[in-house]
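Asks: Handing over start-v2.cif, mmCIF, C-alpha atoms and all ligand atoms.
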```
data_input
#
loop_
_atom_site.label_atom_id
_atom_site.label_comp_id
_atom_site.auth_asym_id
_atom_site.auth_seq_id
_atom_site.Cartn_x
_atom_site.Cartn_y
_atom_site.Cartn_z
CA MET F 23 94.17 119.91 139.42
CA GLU F 24 91.88 117.49 141.22
CA ARG F 25 88.53 116.88 139.59
CA ALA F 26 85.66 117.63 141.96
CA LEU F 27 83.04 115.78 139.95
CA PHE F 28 82.96 112.35 141.51
CA GLU F 29 81.78 111.31 144.97
CA GLU F 30 82.47 108.23 147.04
CA ASP F 31 79.76 106.12 145.36
CA HIS F 32 81.19 106.87 141.93
CA GLU F 33 84.66 105.85 143.07
CA LEU F 34 83.29 102.60 144.49
CA PHE F 35 81.61 102.00 141.16
CA ARG F 36 84.93 102.76 139.47
CA GLU F 37 86.50 99.87 141.37
CA VAL F 38 83.78 97.57 140.03
CA ALA F 39 84.34 98.88 136.49
CA GLN F 40 88.12 98.44 136.81
CA GLU F 41 87.78 94.92 138.11
CA PHE F 42 85.40 94.05 135.26
CA ASN F 43 87.72 95.65 132.75
CA SER F 44 90.74 93.67 133.91
CA ARG F 45 88.83 90.38 134.26
CA GLU F 46 86.45 90.37 131.31
CA ILE F 47 88.05 92.67 128.75
CA ALA F 48 91.81 93.05 129.06
CA PRO F 49 92.76 89.36 128.65
CA HIS F 50 90.57 88.96 125.55
CA TYR F 51 90.85 92.33 123.86
CA PRO F 52 93.70 91.49 121.46
CA THR F 53 91.75 88.44 120.23
CA TRP F 54 88.59 90.50 119.79
CA ASP F 55 90.64 93.03 117.88
CA SER F 56 92.06 90.45 115.49
CA GLU F 57 88.70 88.67 115.12
CA ARG F 58 86.97 92.04 114.72
CA MET F 59 84.18 91.05 117.08
CA ILE F 60 83.22 91.37 120.74
CA PRO F 61 81.57 88.13 121.83
CA ARG F 62 78.17 88.00 123.48
CA GLN F 63 79.90 86.77 126.64
CA MET F 64 81.13 90.31 127.32
CA TRP F 65 77.59 91.62 127.21
CA THR F 66 76.12 88.99 129.50
CA ALA F 67 79.03 89.39 131.91
CA ALA F 68 78.49 93.16 131.93
CA GLY F 69 74.79 92.55 132.51
CA GLU F 70 75.49 90.22 135.42
CA GLN F 71 77.84 92.78 136.93
CA GLY F 72 75.10 95.43 136.68
CA LEU F 73 77.00 97.64 134.23
CA LEU F 74 74.38 97.91 131.49
CA GLY F 75 71.37 100.20 131.41
CA LEU F 76 72.33 102.05 134.57
CA ALA F 77 69.58 104.62 133.99
CA VAL F 78 66.84 102.01 133.51
CA PRO F 79 64.30 102.11 136.36
CA GLU F 80 64.27 99.14 138.71
CA GLU F 81 60.79 98.06 137.54
CA PHE F 82 62.37 97.26 134.16
CA GLY F 83 65.35 95.44 135.65
CA GLY F 84 67.79 98.36 135.78
CA ALA F 85 69.75 100.01 138.54
CA GLY F 86 67.66 103.20 138.47
CA MET F 87 70.82 105.34 138.41
CA PRO F 88 70.24 108.18 135.93
CA ASP F 89 73.21 110.11 137.42
CA TYR F 90 75.40 110.26 134.33
CA ARG F 91 78.57 110.20 136.40
CA PHE F 92 78.19 106.45 136.87
CA ARG F 93 77.90 105.90 133.12
CA ALA F 94 80.90 108.20 132.65
CA VAL F 95 83.00 106.18 135.10
CA LEU F 96 82.50 103.09 132.96
CA ASP F 97 83.23 104.96 129.75
CA GLU F 98 86.36 106.50 131.27
CA GLU F 99 87.71 103.18 132.49
CA PHE F 100 87.30 101.55 129.06
CA ALA F 101 88.72 104.59 127.26
CA LYS F 102 91.69 104.95 129.63
CA SER F 103 92.78 101.39 129.02
CA ASN F 104 92.43 101.76 125.25
CA HIS F 105 89.45 99.42 125.19
CA LEU F 106 87.63 101.93 123.08
CA SER F 107 85.84 99.29 121.01
CA ALA F 108 84.10 98.10 124.15
CA ALA F 109 83.31 101.70 125.04
CA LEU F 110 81.84 102.27 121.58
CA ALA F 111 79.76 99.08 121.62
CA LEU F 112 78.25 99.96 124.99
CA HIS F 113 77.82 103.58 123.99
CA LEU F 114 75.53 102.65 121.08
CA HIS F 115 73.41 100.41 123.30
CA ASP F 116 73.34 102.57 126.44
CA ASP F 117 73.74 106.19 125.32
CA LEU F 118 71.89 106.09 122.03
CA VAL F 119 69.27 103.33 121.88
CA LEU F 120 68.29 103.25 125.53
CA PRO F 121 67.48 106.96 126.05
CA HIS F 122 65.00 106.86 123.15
CA LEU F 123 63.20 103.85 124.64
CA LEU F 124 63.18 105.38 128.10
CA ALA F 125 61.89 108.74 126.90
CA TYR F 126 59.31 107.72 124.30
CA GLY F 127 58.69 103.97 124.52
CA SER F 128 55.29 102.64 125.58
CA THR F 129 55.16 100.52 128.74
CA GLU F 130 54.76 97.44 126.51
CA LEU F 131 57.86 98.37 124.52
CA LYS F 132 59.87 99.02 127.67
CA GLN F 133 58.78 95.72 129.21
CA HIS F 134 59.80 93.89 126.09
CA TRP F 135 63.21 95.51 125.53
CA LEU F 136 64.65 97.01 128.68
CA PRO F 137 65.15 93.93 130.89
CA ALA F 138 66.88 92.12 128.01
CA MET F 139 69.07 95.12 127.27
CA VAL F 140 70.04 95.43 130.92
CA SER F 141 70.96 91.75 131.19
CA GLY F 142 72.98 91.85 127.97
CA GLU F 143 70.73 89.19 126.46
CA LYS F 144 69.80 91.62 123.66
CA ILE F 145 72.50 93.73 122.02
CA THR F 146 71.24 96.77 120.17
CA SER F 147 72.38 99.09 117.41
CA ILE F 148 71.29 102.49 116.27
CA ALA F 149 70.63 102.61 112.53
CA MET F 150 70.32 106.15 111.25
CA THR F 151 73.03 106.55 108.61
CA GLU F 152 72.52 105.40 105.02
CA PRO F 153 74.83 105.37 102.03
CA GLY F 154 73.20 108.59 100.83
CA ALA F 155 72.41 110.20 104.19
CA GLY F 156 74.78 110.77 107.11
CA SER F 157 75.05 114.34 108.32
CA ASP F 158 71.75 115.15 106.65
CA LEU F 159 69.29 112.62 108.02
CA ARG F 160 66.42 114.14 106.09
CA GLY F 161 67.85 112.26 103.16
CA VAL F 162 67.03 108.88 104.80
CA ARG F 163 65.25 106.66 102.29
CA THR F 164 64.55 103.54 104.36
CA LYS F 165 60.77 103.42 104.56
CA ALA F 166 58.17 101.89 106.81
CA VAL F 167 54.75 101.20 105.36
CA ARG F 168 51.71 100.21 107.37
CA ASP F 169 50.45 96.67 106.74
CA GLY F 170 47.46 95.84 108.94
CA GLU F 171 48.65 95.87 112.54
CA ASP F 172 52.30 95.83 111.50
CA TRP F 173 54.82 97.93 109.61
CA LEU F 174 56.96 96.69 106.76
CA VAL F 175 60.45 98.20 106.80
CA SER F 176 62.60 98.28 103.64
CA GLY F 177 65.87 100.01 102.90
CA GLN F 178 69.57 100.08 103.57
CA LYS F 179 71.74 101.41 106.40
CA THR F 180 75.49 101.68 106.67
CA PHE F 181 78.21 102.22 109.30
CA ILE F 182 76.03 100.46 111.88
CA GLY F 183 77.95 99.63 115.04
CA ASN F 184 76.99 96.26 116.64
CA GLY F 185 75.43 95.67 113.22
CA ILE F 186 76.57 92.05 113.05
CA SER F 187 76.75 91.18 116.73
CA GLY F 188 73.46 92.91 117.56
CA ASP F 189 69.97 91.47 117.88
CA ALA F 190 67.95 94.53 117.00
CA ALA F 191 68.32 98.08 115.77
CA LEU F 192 66.61 101.34 116.51
CA VAL F 193 65.86 102.37 112.94
CA LEU F 194 65.01 105.78 111.53
CA ALA F 195 62.59 105.25 108.65
CA ARG F 196 60.43 107.42 106.46
CA THR F 197 56.75 107.00 107.23
CA ASP F 198 55.03 109.72 105.20
CA GLY F 199 55.55 108.14 101.79
CA SER F 200 57.53 111.18 100.61
CA SER F 201 60.64 111.06 98.46
CA GLY F 202 63.56 113.47 98.15
CA ARG F 203 64.61 115.44 101.18
CA GLY F 204 61.98 114.80 103.86
CA SER F 205 60.48 117.25 106.35
CA THR F 206 60.88 117.10 110.12
CA ASP F 207 57.63 115.10 110.27
CA SER F 208 58.59 112.54 107.62
CA PHE F 209 60.37 110.03 109.86
CA SER F 210 59.65 107.62 112.71
CA LEU F 211 61.70 105.35 114.94
CA PHE F 212 61.21 101.60 115.21
CA MET F 213 62.85 98.80 117.13
CA VAL F 214 63.55 96.29 114.39
CA GLU F 215 64.51 92.77 115.40
CA LYS F 216 66.81 90.58 113.40
CA LEU F 217 64.04 88.50 111.85
CA GLU F 218 63.22 87.48 108.30
CA GLY F 219 64.22 90.19 105.84
CA TYR F 220 66.79 91.81 108.19
CA ASN F 221 70.11 91.02 106.53
CA THR F 222 73.52 92.14 107.60
CA GLY F 223 75.84 92.99 104.76
CA ARG F 224 79.60 93.05 104.83
CA GLN F 225 81.55 94.02 107.92
CA LEU F 226 83.35 97.27 107.23
CA ASP F 227 87.11 97.21 107.70
CA LYS F 228 87.89 100.19 109.92
CA MET F 229 91.29 101.79 110.51
CA GLY F 230 90.88 101.50 114.29
CA LEU F 231 88.37 100.24 116.83
CA LYS F 232 88.60 96.89 115.11
CA ALA F 233 86.87 94.83 117.80
CA SER F 234 83.63 96.77 117.46
CA ASP F 235 81.81 95.41 114.42
CA THR F 236 80.47 97.96 111.96
CA ALA F 237 78.28 96.82 109.11
CA GLU F 238 75.85 97.51 106.37
CA ILE F 239 72.28 96.41 107.04
CA PHE F 240 69.57 95.65 104.51
CA PHE F 241 65.88 95.56 105.33
CA ASP F 242 63.72 93.66 102.88
CA SER F 243 60.10 94.14 103.98
CA VAL F 244 60.92 93.29 107.59
CA ARG F 245 57.67 92.86 109.51
CA VAL F 246 57.68 95.05 112.60
CA PRO F 247 54.79 94.90 115.07
CA ALA F 248 53.07 98.23 115.74
CA ALA F 249 54.20 97.92 119.38
CA ASN F 250 57.79 98.43 118.20
CA LEU F 251 57.08 101.94 116.96
CA VAL F 252 58.94 104.22 119.40
CA GLY F 253 56.66 107.05 120.49
CA GLU F 254 54.53 108.64 117.80
CA VAL F 255 54.55 108.45 114.04
CA GLY F 256 56.38 111.34 112.41
CA GLN F 257 58.38 112.26 115.52
CA GLY F 258 61.56 110.29 114.79
CA LEU F 259 63.80 113.19 113.84
CA ARG F 260 62.55 115.30 116.72
CA TYR F 261 63.24 112.48 119.18
CA ALA F 262 66.70 111.95 117.72
CA ALA F 263 67.43 115.67 118.07
CA GLU F 264 66.18 115.70 121.68
CA GLN F 265 68.46 112.81 122.59
CA LEU F 266 71.55 114.30 120.97
CA PRO F 267 73.00 115.74 124.20
CA GLN F 268 73.65 112.35 125.81
CA GLY F 269 75.32 110.93 122.70
CA ARG F 270 77.53 113.98 122.32
CA LEU F 271 78.34 114.13 126.01
CA ALA F 272 79.39 110.47 125.95
CA ILE F 273 81.81 111.12 123.08
CA ALA F 274 83.22 114.08 124.99
CA VAL F 275 83.72 111.92 128.10
CA ALA F 276 85.59 109.25 126.13
CA SER F 277 87.66 111.91 124.34
CA SER F 278 88.69 113.50 127.59
CA ALA F 279 89.60 110.18 129.21
CA VAL F 280 91.69 108.99 126.30
CA ALA F 281 93.50 112.35 126.12
CA ARG F 282 94.44 112.05 129.81
CA SER F 283 95.69 108.48 129.46
CA VAL F 284 97.70 109.24 126.32
CA TYR F 285 99.31 112.19 128.12
CA GLN F 286 100.24 109.96 131.08
CA ALA F 287 101.65 107.26 128.82
CA THR F 288 103.72 109.87 126.99
CA VAL F 289 105.20 111.30 130.17
CA ALA F 290 106.23 107.79 131.19
CA TYR F 291 107.64 107.00 127.75
CA THR F 292 109.65 110.19 127.40
CA LYS F 293 111.11 109.76 130.89
CA ASP F 294 112.26 106.31 129.93
CA ARG F 295 113.61 107.01 126.48
CA ASN F 296 117.07 108.53 125.92
CA ALA F 297 118.62 110.37 122.99
CA PHE F 298 121.82 112.42 122.78
CA GLY F 299 122.64 111.32 126.33
CA GLU F 300 119.47 112.84 127.76
CA ARG F 301 115.95 111.66 128.55
CA VAL F 302 113.53 112.69 125.79
CA ILE F 303 111.51 114.52 128.44
CA ASP F 304 114.54 116.73 129.16
CA PHE F 305 114.42 118.36 125.74
CA GLN F 306 112.73 121.70 125.97
CA ASN F 307 110.49 120.87 123.02
CA THR F 308 109.16 117.78 124.80
CA ARG F 309 108.49 119.71 128.01
CA PHE F 310 106.75 122.49 126.10
CA GLU F 311 104.63 120.01 124.21
CA LEU F 312 103.68 118.18 127.41
CA ALA F 313 102.93 121.46 129.16
CA ASP F 314 100.48 122.36 126.38
CA VAL F 315 98.98 118.89 126.40
CA LEU F 316 98.47 118.78 130.18
CA THR F 317 96.84 122.21 130.11
CA GLU F 318 94.49 121.10 127.34
CA VAL F 319 93.71 117.86 129.17
CA GLU F 320 92.72 119.76 132.31
CA VAL F 321 90.68 122.37 130.44
CA THR F 322 88.89 119.58 128.60
CA GLU F 323 88.15 117.69 131.81
CA ALA F 324 86.78 120.82 133.45
CA TYR F 325 84.53 121.53 130.46
CA VAL F 326 83.30 117.95 130.16
CA ASP F 327 82.70 117.70 133.90
CA LYS F 328 80.66 120.89 133.81
CA ALA F 329 78.63 119.48 130.92
CA MET F 330 78.00 116.30 132.91
CA LEU F 331 76.59 118.25 135.82
CA ALA F 332 74.43 120.26 133.42
CA PHE F 333 73.19 117.01 131.89
CA ASN F 334 72.32 115.62 135.31
CA ALA F 335 70.37 118.79 136.04
CA GLY F 336 68.48 118.41 132.72
CA GLN F 337 70.15 121.56 131.41
CA LEU F 338 72.52 120.33 128.71
CA ASP F 339 70.89 121.51 125.49
CA SER F 340 72.02 120.09 122.16
CA ASN F 341 73.89 123.27 121.25
CA SER F 342 75.99 123.17 124.44
CA ALA F 343 76.52 119.46 123.90
CA ALA F 344 77.72 120.19 120.36
CA ARG F 345 80.34 122.60 121.72
CA VAL F 346 81.64 120.20 124.32
CA LYS F 347 81.75 117.34 121.79
CA LEU F 348 83.53 119.58 119.29
CA TRP F 349 86.09 120.73 121.82
CA ALA F 350 86.82 117.40 123.47
CA SER F 351 86.98 115.29 120.31
CA GLU F 352 89.22 117.80 118.52
CA ARG F 353 91.50 117.93 121.57
CA ALA F 354 91.67 114.12 121.74
CA LYS F 355 92.66 114.09 118.08
CA SER F 356 95.36 116.73 118.35
CA ILE F 357 96.69 115.48 121.70
CA THR F 358 97.13 111.89 120.47
CA ASP F 359 98.87 113.27 117.38
CA ARG F 360 101.29 115.40 119.42
CA CYS F 361 101.93 112.60 121.89
CA LEU F 362 102.51 110.10 119.08
CA GLN F 363 105.18 112.42 117.69
CA LEU F 364 106.97 112.41 121.05
CA HIS F 365 107.21 108.62 120.84
CA GLY F 366 109.20 108.79 117.61
CA GLY F 367 109.02 105.61 115.53
CA TYR F 368 107.52 103.58 118.35
CA GLY F 369 104.47 105.83 118.19
CA TYR F 370 103.73 104.34 114.80
CA ILE F 371 103.83 100.77 116.10
CA LEU F 372 100.48 99.35 117.08
CA GLU F 373 101.67 97.62 120.21
CA TYR F 374 102.13 101.09 121.72
CA PRO F 375 98.92 102.45 123.26
CA VAL F 376 99.44 105.84 121.64
CA ALA F 377 99.24 104.30 118.15
CA GLN F 378 96.02 102.47 119.00
CA ALA F 379 94.55 105.60 120.58
CA PHE F 380 95.50 107.68 117.54
CA LEU F 381 93.53 105.38 115.25
CA ALA F 382 90.59 105.12 117.61
CA VAL F 383 90.11 108.81 118.36
CA ARG F 384 90.11 109.66 114.68
CA LEU F 385 86.49 108.54 114.70
CA LEU F 386 85.45 110.92 117.44
CA THR F 387 85.38 114.07 115.30
CA ILE F 388 83.28 112.23 112.68
CA PHE F 389 80.87 109.92 114.46
CA GLY F 390 77.85 111.30 116.34
CA GLY F 391 77.94 114.41 114.15
CA THR F 392 81.08 115.68 112.46
CA SER F 393 83.03 118.66 113.78
CA GLU F 394 81.79 120.65 110.79
CA ILE F 395 78.19 119.92 111.73
CA MET F 396 78.95 120.86 115.37
CA ARG F 397 80.41 124.17 114.19
CA ASP F 398 77.43 124.71 111.92
CA VAL F 399 74.96 124.11 114.77
CA VAL F 400 76.86 126.44 117.10
CA GLY F 401 77.52 129.05 114.43
CA ARG F 402 73.89 129.21 113.39
CA SER F 403 72.78 129.79 116.97
CA ILE F 404 75.28 132.63 117.33
CA ALA F 405 74.08 134.22 114.11
CA ARG F 406 70.38 133.89 115.00
C1 LIG F 501 83.18 103.73 112.54
C2 LIG F 501 81.87 104.40 112.38
C3 LIG F 501 80.80 103.99 113.18
C4 LIG F 501 79.56 104.57 112.99
N1 LIG F 501 78.50 104.09 113.71
C5 LIG F 501 77.25 104.50 113.39
C6 LIG F 501 76.12 103.87 113.98
O1 LIG F 501 76.24 102.97 114.83
N2 LIG F 501 74.89 104.27 113.58
C7 LIG F 501 74.70 105.25 112.65
O2 LIG F 501 73.55 105.55 112.34
N3 LIG F 501 75.76 105.87 112.08
C8 LIG F 501 77.03 105.52 112.42
N4 LIG F 501 78.10 106.12 111.83
C9 LIG F 501 77.88 107.17 110.83
C10 LIG F 501 78.38 108.55 111.25
O3 LIG F 501 77.55 109.09 112.23
C11 LIG F 501 78.45 109.36 109.97
O4 LIG F 501 79.55 108.85 109.23
C12 LIG F 501 78.61 110.84 110.20
O5 LIG F 501 77.44 111.37 110.77
C13 LIG F 501 78.93 111.60 108.90
O6 LIG F 501 78.07 111.26 107.88
P1 LIG F 501 78.67 110.83 106.45
O7 LIG F 501 79.69 109.80 106.70
O8 LIG F 501 77.54 110.48 105.56
O9 LIG F 501 79.42 112.11 105.93
P2 LIG F 501 78.79 113.28 105.03
O10 LIG F 501 77.54 113.75 105.65
O11 LIG F 501 78.75 112.81 103.63
O12 LIG F 501 79.92 114.39 105.18
C14 LIG F 501 81.09 114.47 104.36
C15 LIG F 501 81.85 115.71 104.74
O13 LIG F 501 81.03 116.85 104.49
C16 LIG F 501 80.94 117.62 105.66
N5 LIG F 501 79.62 118.26 105.74
C17 LIG F 501 78.40 117.68 105.64
N6 LIG F 501 77.43 118.59 105.80
C18 LIG F 501 78.05 119.78 106.01
C19 LIG F 501 77.61 121.11 106.25
N7 LIG F 501 76.31 121.41 106.32
N8 LIG F 501 78.55 122.07 106.41
C20 LIG F 501 79.87 121.79 106.34
N9 LIG F 501 80.35 120.55 106.12
C21 LIG F 501 79.46 119.57 105.97
C22 LIG F 501 81.12 116.65 106.81
O14 LIG F 501 81.52 117.31 107.99
C23 LIG F 501 82.22 115.75 106.23
O15 LIG F 501 83.45 116.37 106.42
C24 LIG F 501 79.37 105.59 112.03
C25 LIG F 501 80.46 106.02 111.27
C26 LIG F 501 81.69 105.43 111.42
C27 LIG F 501 82.82 105.87 110.53
#
```
Can you give me the file's structure in the form of structure tokens?
Replies:
Amino acid sequence: MERALFEEDHELFREVAQEFNSREIAPHYPTWDSERMIPRQMWTAAGEQGLLGLAVPEEFGGAGMPDYRFRAVLDEEFAKSNHLSAALALHLHDDLVLPHLLAYGSTELKQHWLPAMVSGEKITSIAMTEPGAGSDLRGVRTKAVRDGEDWLVSGQKTFIGNGISGDAALVLARTDGSSGRGSTDSFSLFMVEKLEGYNTGRQLDKMGLKASDTAEIFFDSVRVPAANLVGEVGQGLRYAAEQLPQGRLAIAVASSAVARSVYQATVAYTKDRNAFGERVIDFQNTRFELADVLTEVEVTEAYVDKAMLAFNAGQLDSNSAARVKLWASERAKSITDRCLQLHGGYGYILEYPVAQAFLAVRLLTIFGGTSEIMRDVVGRSIAR
């Protein structure tokens, strides 16, 4: 079925995204993968091409295009071509850090950060998770203590994407001096620059998405100017909860796109491959599997597209976003698994896109809230 989501402007933007992808990413991606790092050049090239910070108003250097379909086009193009590390790196910067600054940042904060984020001059991370606090962010122990006009931030974060390549992180820190499990009002958000006391730890060796760097970060009394507090003191967890829909929607978009491309690659592969004197696609099992997969791909696209329109209309609440993230990421996981099986041994070999996709999508049911947390959120609302 044809998707009815995109209009002419989105398709024109898709051509720009495709051209960028084939010029700036495809030739270098294998090197980035083996070096486990995306160079700054990709960011500045993306900035020059006008691909970063699409939703940022023009007064802060952006394109002033909050229509999420443009952002989705970019995400889809990277995901479809298995450049999911690039999709993830941009996702952290554009879908997670940026919306917090746009929604709650002071004019001074926006003037300082947004133009540099749009140009790719500053690469950002989101630093919520800690060794002892992932799903349950009330366990965050990193603290920020007032010191004259500034704040001093101390603590440790882990699993931080763009943690090594980045210049600054949006950090969730405890500001009420409490210990143990904090309350909703215990935490605040700060933009913390990589200055004295901000130390990156080891780069974590992931099973997939190798090119996107993921690291531990240590803050040792990092001095943060009061102007880098995002919004109000004590509102950090509330802000993070309010911005969940975009993060979850983005993961759903990438999940849906990768599922479609893996399906297409598997049709092509099974048409080409022969066994017992027949094409693999001519076995009834293969056709049944592909029939299921195509149906799931289309259902997922329809659901994600509907969520995108709801988001554009300001109507995608975090519960609905949890459902769409749960559905799409679980489908991406099971579809890549089924499609890998249809490749036989070649599906296990990393030069085949299905093997790379299999490793990459494994993150999608974990990152941005695990499937169990999504089910918990949805289940609680049903039981209420
Ligand atoms: C590659 C990668 C990149 C990441 N990037 C970032 C990043 O850039 N910034 C950032 O802040 N974080 C990042 N994360 C962290 C990620 O968001 C967390 O790993 C995730 O939220 C889960 O937290 P956890 O790992 O502490 O698992 P835990 O919270 O310890 O969960 C362990 C298990 O218990 C289950 N569980 C927990 N609570 C419940 C419950 N109430 N009911 C049922 N089951 C439950 C979970 O679903 C999971 O199966 C990244 C993680 C990875 C792996």
Asks: Tell me, as a list in words, which residues lie within 6 Å of segment 245-257 of chain F, counting only C-alpha atoms; anything in the same chain fewer than 5 positions away does not count.
Replies: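 Everything that qualifies: Tyr126, Gly127, Glu171, Asp172, Trp173, Leu174, Asp207, Ser208, Phe209, Ser210, Leu211, Phe212 and Met213 of chain F.
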Asks: What is the distance, in Å and to one decimal place, between atom CA of Arg25 of chain F and atom CA of Asp339 of chain F?
Replies: 23.1 Å
Asks: As a quick test: using all atoms listed in the file, which residues lie no more than 9 Å away from ligand LIG 501 (chain F)? Give them as a VMD selection string.
Replies: chain F and resid 110 to 111 114 118 147 to 159 179 to 185 193 to 194 226 228 to 231 234 to 237 385 to 399
Asks: Would you mind exporting C-alpha atoms of the selected residues as a short mmCIF file (atom, residue, chain, number, x, y, z; two decimals), in the frame of the given file?
Replies:
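New file selection25.cif:
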```cif
data_model
loop_
_atom_site.label_atom_id
_atom_site.label_comp_id
_atom_site.auth_asym_id
_atom_site.auth_seq_id
_atom_site.Cartn_x
_atom_site.Cartn_y
_atom_site.Cartn_z
CA LEU F 110 81.84 102.27 121.58
CA ALA F 111 79.76 99.08 121.62
CA LEU F 114 75.53 102.65 121.08
CA LEU F 118 71.89 106.09 122.03
CA SER F 147 72.38 99.09 117.41
CA ILE F 148 71.29 102.49 116.27
CA ALA F 149 70.63 102.61 112.53
CA MET F 150 70.32 106.15 111.25
CA THR F 151 73.03 106.55 108.61
CA GLU F 152 72.52 105.40 105.02
CA PRO F 153 74.83 105.37 102.03
CA GLY F 154 73.20 108.59 100.83
CA ALA F 155 72.41 110.20 104.19
CA GLY F 156 74.78 110.77 107.11
CA SER F 157 75.05 114.34 108.32
CA ASP F 158 71.75 115.15 106.65
CA LEU F 159 69.29 112.62 108.02
CA LYS F 179 71.74 101.41 106.40
CA THR F 180 75.49 101.68 106.67
CA PHE F 181 78.21 102.22 109.30
CA ILE F 182 76.03 100.46 111.88
CA GLY F 183 77.95 99.63 115.04
CA ASN F 184 76.99 96.26 116.64
CA GLY F 185 75.43 95.67 113.22
CA VAL F 193 65.86 102.37 112.94
CA LEU F 194 65.01 105.78 111.53
CA LEU F 226 83.35 97.27 107.23
CA LYS F 228 87.89 100.19 109.92
CA MET F 229 91.29 101.79 110.51
CA GLY F 230 90.88 101.50 114.29
CA LEU F 231 88.37 100.24 116.83
CA SER F 234 83.63 96.77 117.46
CA ASP F 235 81.81 95.41 114.42
CA THR F 236 80.47 97.96 111.96
CA ALA F 237 78.28 96.82 109.11
CA LEU F 385 86.49 108.54 114.70
CA LEU F 386 85.45 110.92 117.44
CA THR F 387 85.38 114.07 115.30
CA ILE F 388 83.28 112.23 112.68
CA PHE F 389 80.87 109.92 114.46
CA GLY F 390 77.85 111.30 116.34
CA GLY F 391 77.94 114.41 114.15
CA THR F 392 81.08 115.68 112.46
CA SER F 393 83.03 118.66 113.78
CA GLU F 394 81.79 120.65 110.79
CA ILE F 395 78.19 119.92 111.73
CA MET F 396 78.95 120.86 115.37
CA ARG F 397 80.41 124.17 114.19
CA ASP F 398 77.43 124.71 111.92
CA VAL F 399 74.96 124.11 114.77
#
```
Asks: Would you kindly identify which residues have an atom no farther than 6 Å from (68.0, 103.8, 103.6), using only C-alpha atoms and the file's own coordinates, and write them out as a tab-separated table (two decimals) with C-alpha atoms, in the coordinates of the input?
Replies:
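The file below, part.tsv, is the result:
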```tsv
chain	number	residue	atom	x	y	z
F	152	GLU	CA	72.52	105.40	105.02
F	162	VAL	CA	67.03	108.88	104.80
F	163	ARG	CA	65.25	106.66	102.29
F	164	THR	CA	64.55	103.54	104.36
F	177	GLY	CA	65.87	100.01	102.90
F	178	GLN	CA	69.57	100.08	103.57
F	179	LYS	CA	71.74	101.41	106.40
```
Asks: From the list F:Ile273, F:Val175, F:Ala332, F:Ala313, which residue is nearest Thr288 of chain F when using all atoms listed in the file?
Replies: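 So, comparing all the options, the nearest one is F:Ala313.
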Asks: Rounded to one decimal in Å, what is the spacing between atom CA of Ala166 of chain F and atom CA of Arg203 of chain F?
Replies: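 These atoms are spaced 16.0 Å apart.
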Asks: I'd like the neighbourhood of segment 130-137 of chain F as a count of residues only, where a residue qualifies if any of its atoms comes within 9 Å (using all atoms listed in the file), though same-chain residues fewer than 5 positions away should be ignored.
Replies: 17
Asks: For segment 65-74 of chain F, please output as a VMD selection string all residues within 12 Å (counting only C-alpha atoms; exclusion window: fewer than 6 positions along the same chain).
Replies: chain F and resid 35 to 36 38 to 43 45 to 47 80 83 to 88 92 to 97 108 to 109 111 to 117 120 136 to 146 184 187 to 188
Asks: Can those selected residues be exported to a file as a short mmCIF file (atom, residue, chain, number, x, y, z; two decimals), keeping the file's coordinate frame so that it contains C-alpha atoms?
Replies:
```cif
data_model
loop_
_atom_site.label_atom_id
_atom_site.label_comp_id
_atom_site.auth_asym_id
_atom_site.auth_seq_id
_atom_site.Cartn_x
_atom_site.Cartn_y
_atom_site.Cartn_z
CA PHE F 35 81.61 102.00 141.16
CA ARG F 36 84.93 102.76 139.47
CA VAL F 38 83.78 97.57 140.03
CA ALA F 39 84.34 98.88 136.49
CA GLN F 40 88.12 98.44 136.81
CA GLU F 41 87.78 94.92 138.11
CA PHE F 42 85.40 94.05 135.26
CA ASN F 43 87.72 95.65 132.75
CA ARG F 45 88.83 90.38 134.26
CA GLU F 46 86.45 90.37 131.31
CA ILE F 47 88.05 92.67 128.75
CA GLU F 80 64.27 99.14 138.71
CA GLY F 83 65.35 95.44 135.65
CA GLY F 84 67.79 98.36 135.78
CA ALA F 85 69.75 100.01 138.54
CA GLY F 86 67.66 103.20 138.47
CA MET F 87 70.82 105.34 138.41
CA PRO F 88 70.24 108.18 135.93
CA PHE F 92 78.19 106.45 136.87
CA ARG F 93 77.90 105.90 133.12
CA ALA F 94 80.90 108.20 132.65
CA VAL F 95 83.00 106.18 135.10
CA LEU F 96 82.50 103.09 132.96
CA ASP F 97 83.23 104.96 129.75
CA ALA F 108 84.10 98.10 124.15
CA ALA F 109 83.31 101.70 125.04
CA ALA F 111 79.76 99.08 121.62
CA LEU F 112 78.25 99.96 124.99
CA HIS F 113 77.82 103.58 123.99
CA LEU F 114 75.53 102.65 121.08
CA HIS F 115 73.41 100.41 123.30
CA ASP F 116 73.34 102.57 126.44
CA ASP F 117 73.74 106.19 125.32
CA LEU F 120 68.29 103.25 125.53
CA LEU F 136 64.65 97.01 128.68
CA PRO F 137 65.15 93.93 130.89
CA ALA F 138 66.88 92.12 128.01
CA MET F 139 69.07 95.12 127.27
CA VAL F 140 70.04 95.43 130.92
CA SER F 141 70.96 91.75 131.19
CA GLY F 142 72.98 91.85 127.97
CA GLU F 143 70.73 89.19 126.46
CA LYS F 144 69.80 91.62 123.66
CA ILE F 145 72.50 93.73 122.02
CA THR F 146 71.24 96.77 120.17
CA ASN F 184 76.99 96.26 116.64
CA SER F 187 76.75 91.18 116.73
CA GLY F 188 73.46 92.91 117.56
#
```
Asks: Kindly indicate which residue among F:Leu76, F:Ala343, F:Ala101, F:Val280 lies nearest to Ala263 of chain F, using only C-alpha atoms for the distances.
Replies: F:Ala343
